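Below: the structure, in structure tokens.
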Amino acid sequence: MPLPDFGGRIAVVTGGRGTLGAAVASGLLRSGAQVHCIDVAVPGPQASAAHQHVADVRNSAELCAVRERITGPVTLLVNAHGLQKSRGGILDCDEAVWAELMDVNLNGVYRSCRVFAADMRQHGGAIVN
């Protein structure tokens, strides 16, 4: 199957150094997009050709700072970040762990969309959650 042509498009991938995020970033790069990966992990020597940013989706100010460093409109956002802490069921997950999971996995998507979707209102684009 041929890859879509994202040449000239700017993409942001949250969780860009995780397994899923790195695969998405790689595909977007092969499709011609300029890719910006956001992750709490500092990029290692094997980081992809994508632009690497250290930021936490729990912090809107950090996401805004990343947006300010990107030149041009962001028209693709892939929220690939995620946190998994509890290996058991709901009975093994205390409320503090649950709150942290929701803050990253749910509220982090909200924050990312709020920061990066503003460009899409004017220029069009797509968000994948």
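All residue names refer to the structure tokens as shown: chains lettered A, B, ... in order, residues numbered from 1 in each chain, ligands numbered from 1 in order.
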I'd like a table as a tab-separated table: residues in region 34-113 of chain A with an atom no more than 9 Å from region 4-21 of chain A, each row giving the shortest atom pair and its distance in Å to one decimal, only C-alpha atoms counted, sorted by chain and rising residue number.
residue	atom	partner	partner_atom	distance
A:Gln34	CA	A:Ile10	CA	4.8
A:Val35	CA	A:Ala11	CA	4.8
A:His36	CA	A:Val12	CA	4.8
A:Cys37	CA	A:Gly16	CA	4.5
A:Ile38	CA	A:Thr14	CA	4.7
A:Asp39	CA	A:Gly15	CA	4.8
A:Val40	CA	A:Gly15	CA	7.8
A:Ala41	CA	A:Arg17	CA	7.2
A:Val42	CA	A:Arg17	CA	8.7
A:Pro43	CA	A:Arg17	CA	7.3
A:Ala47	CA	A:Arg17	CA	7.6
A:Ser48	CA	A:Arg17	CA	8.7
A:Gln52	CA	A:Gly16	CA	8.2
A:Val57	CA	A:Thr14	CA	7.8
A:Ile70	CA	A:Ile10	CA	8.7
A:Thr71	CA	A:Ile10	CA	8.9
A:Gly72	CA	A:Ile10	CA	7.4
A:Pro73	CA	A:Ile10	CA	6.6
A:Val74	CA	A:Ile10	CA	4.9
A:Thr75	CA	A:Ile10	CA	5.8
A:Leu76	CA	A:Ala11	CA	4.4
A:Leu77	CA	A:Val12	CA	4.9
A:Val78	CA	A:Val13	CA	4.8
A:Asn79	CA	A:Thr14	CA	5.0
A:Ala80	CA	A:Gly15	CA	5.1
A:His81	CA	A:Gly15	CA	3.8
A:Gly82	CA	A:Gly15	CA	7.0
A:Val109	CA	A:Thr14	CA	8.9
A:Ser112	CA	A:Thr14	CA	8.0
Counting only C-alpha atoms, which of A:Leu83, A:Ala118, A:Leu29, A:Ala61 gets nearest to Leu106 (chain A)?
A:Leu83
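Secondary structure by DSSP on the backbone puts the following residues of chain A in strand (DSSP E or B): Ile10, Ala11, Val12, Val13, Thr14, Gln34, Val35, His36, Cys37, Ile38, Asp39, His51, Gln52, His53, Val54, Val74, Thr75, Leu76, Leu77, Val78, Asn79, Ala126, Ile127 and Val128 of chain A.
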Store the residues picked out above in a file with N, CA and C atoms, as a tab-separated table (two decimals), in the first residue's frame.
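Below is the file result.tsv, written as the result:
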chain	number	residue	atom	x	y	z
A	10	ILE	N	3.37	19.63	8.95
A	10	ILE	CA	4.06	19.56	10.24
A	10	ILE	C	3.23	18.69	11.17
A	11	ALA	N	3.87	17.65	11.71
A	11	ALA	CA	3.19	16.70	12.59
A	11	ALA	C	3.82	16.73	13.98
A	12	VAL	N	2.98	16.57	14.98
A	12	VAL	CA	3.42	16.43	16.37
A	12	VAL	C	2.96	15.06	16.85
A	13	VAL	N	3.88	14.31	17.46
A	13	VAL	CA	3.56	13.00	18.01
A	13	VAL	C	3.91	13.03	19.49
A	14	THR	N	2.90	12.94	20.36
A	14	THR	CA	3.18	12.84	21.79
A	14	THR	C	3.55	11.39	22.09
A	34	GLN	N	7.30	16.88	8.32
A	34	GLN	CA	8.27	17.36	9.32
A	34	GLN	C	7.68	16.92	10.65
A	35	VAL	N	8.41	16.11	11.40
A	35	VAL	CA	7.85	15.49	12.60
A	35	VAL	C	8.53	16.03	13.86
A	36	HIS	N	7.69	16.35	14.83
A	36	HIS	CA	8.16	16.80	16.14
A	36	HIS	C	7.64	15.82	17.18
A	37	CYS	N	8.55	15.12	17.86
A	37	CYS	CA	8.20	14.15	18.90
A	37	CYS	C	8.30	14.81	20.27
A	38	ILE	N	7.29	14.57	21.07
A	38	ILE	CA	7.26	15.08	22.44
A	38	ILE	C	7.25	13.87	23.37
A	39	ASP	N	8.11	13.90	24.38
A	39	ASP	CA	8.14	12.82	25.36
A	39	ASP	C	8.79	13.34	26.63
A	51	HIS	N	12.38	15.92	14.98
A	51	HIS	CA	12.77	16.91	15.99
A	51	HIS	C	12.32	16.35	17.34
A	52	GLN	N	13.18	16.41	18.33
A	52	GLN	CA	12.90	15.83	19.64
A	52	GLN	C	12.69	16.94	20.67
A	53	HIS	N	11.61	16.84	21.42
A	53	HIS	CA	11.29	17.82	22.46
A	53	HIS	C	11.00	17.07	23.76
A	54	VAL	N	11.52	17.58	24.86
A	54	VAL	CA	11.23	17.01	26.17
A	54	VAL	C	10.15	17.88	26.80
A	74	VAL	N	1.00	23.53	12.70
A	74	VAL	CA	0.89	22.09	12.96
A	74	VAL	C	-0.45	21.65	12.38
A	75	THR	N	-0.41	20.67	11.45
A	75	THR	CA	-1.65	20.20	10.83
A	75	THR	C	-1.91	18.71	11.10
A	76	LEU	N	-1.01	18.06	11.80
A	76	LEU	CA	-1.20	16.66	12.20
A	76	LEU	C	-0.80	16.50	13.66
A	77	LEU	N	-1.67	15.93	14.46
A	77	LEU	CA	-1.36	15.64	15.86
A	77	LEU	C	-1.71	14.18	16.14
A	78	VAL	N	-0.75	13.42	16.64
A	78	VAL	CA	-1.00	12.04	17.03
A	78	VAL	C	-0.68	11.94	18.52
A	79	ASN	N	-1.70	11.68	19.31
A	79	ASN	CA	-1.52	11.49	20.75
A	79	ASN	C	-1.23	10.01	21.00
A	126	ALA	N	-5.62	17.14	11.05
A	126	ALA	CA	-6.21	15.94	11.63
A	126	ALA	C	-5.57	15.63	12.97
A	127	ILE	N	-6.39	15.07	13.86
A	127	ILE	CA	-5.92	14.62	15.17
A	127	ILE	C	-6.25	13.15	15.30
A	128	VAL	N	-5.25	12.36	15.72
A	128	VAL	CA	-5.44	10.94	15.98
A	128	VAL	C	-5.19	10.71	17.46
Within 9 Å of Leu3 (chain A), counting only C-alpha atoms, which residues show up once you throw out same-chain ones fewer than 4 positions away? Write them as a count of residues only, please.
4
Which neighbours of Trp98 (chain A) fall inside 12 Å, counting only C-alpha atoms, when residues of the same chain fewer than 6 positions from it are skipped, and could you give them as a PyMOL selection string?
chain A and resi 83-86+89-92+104-106
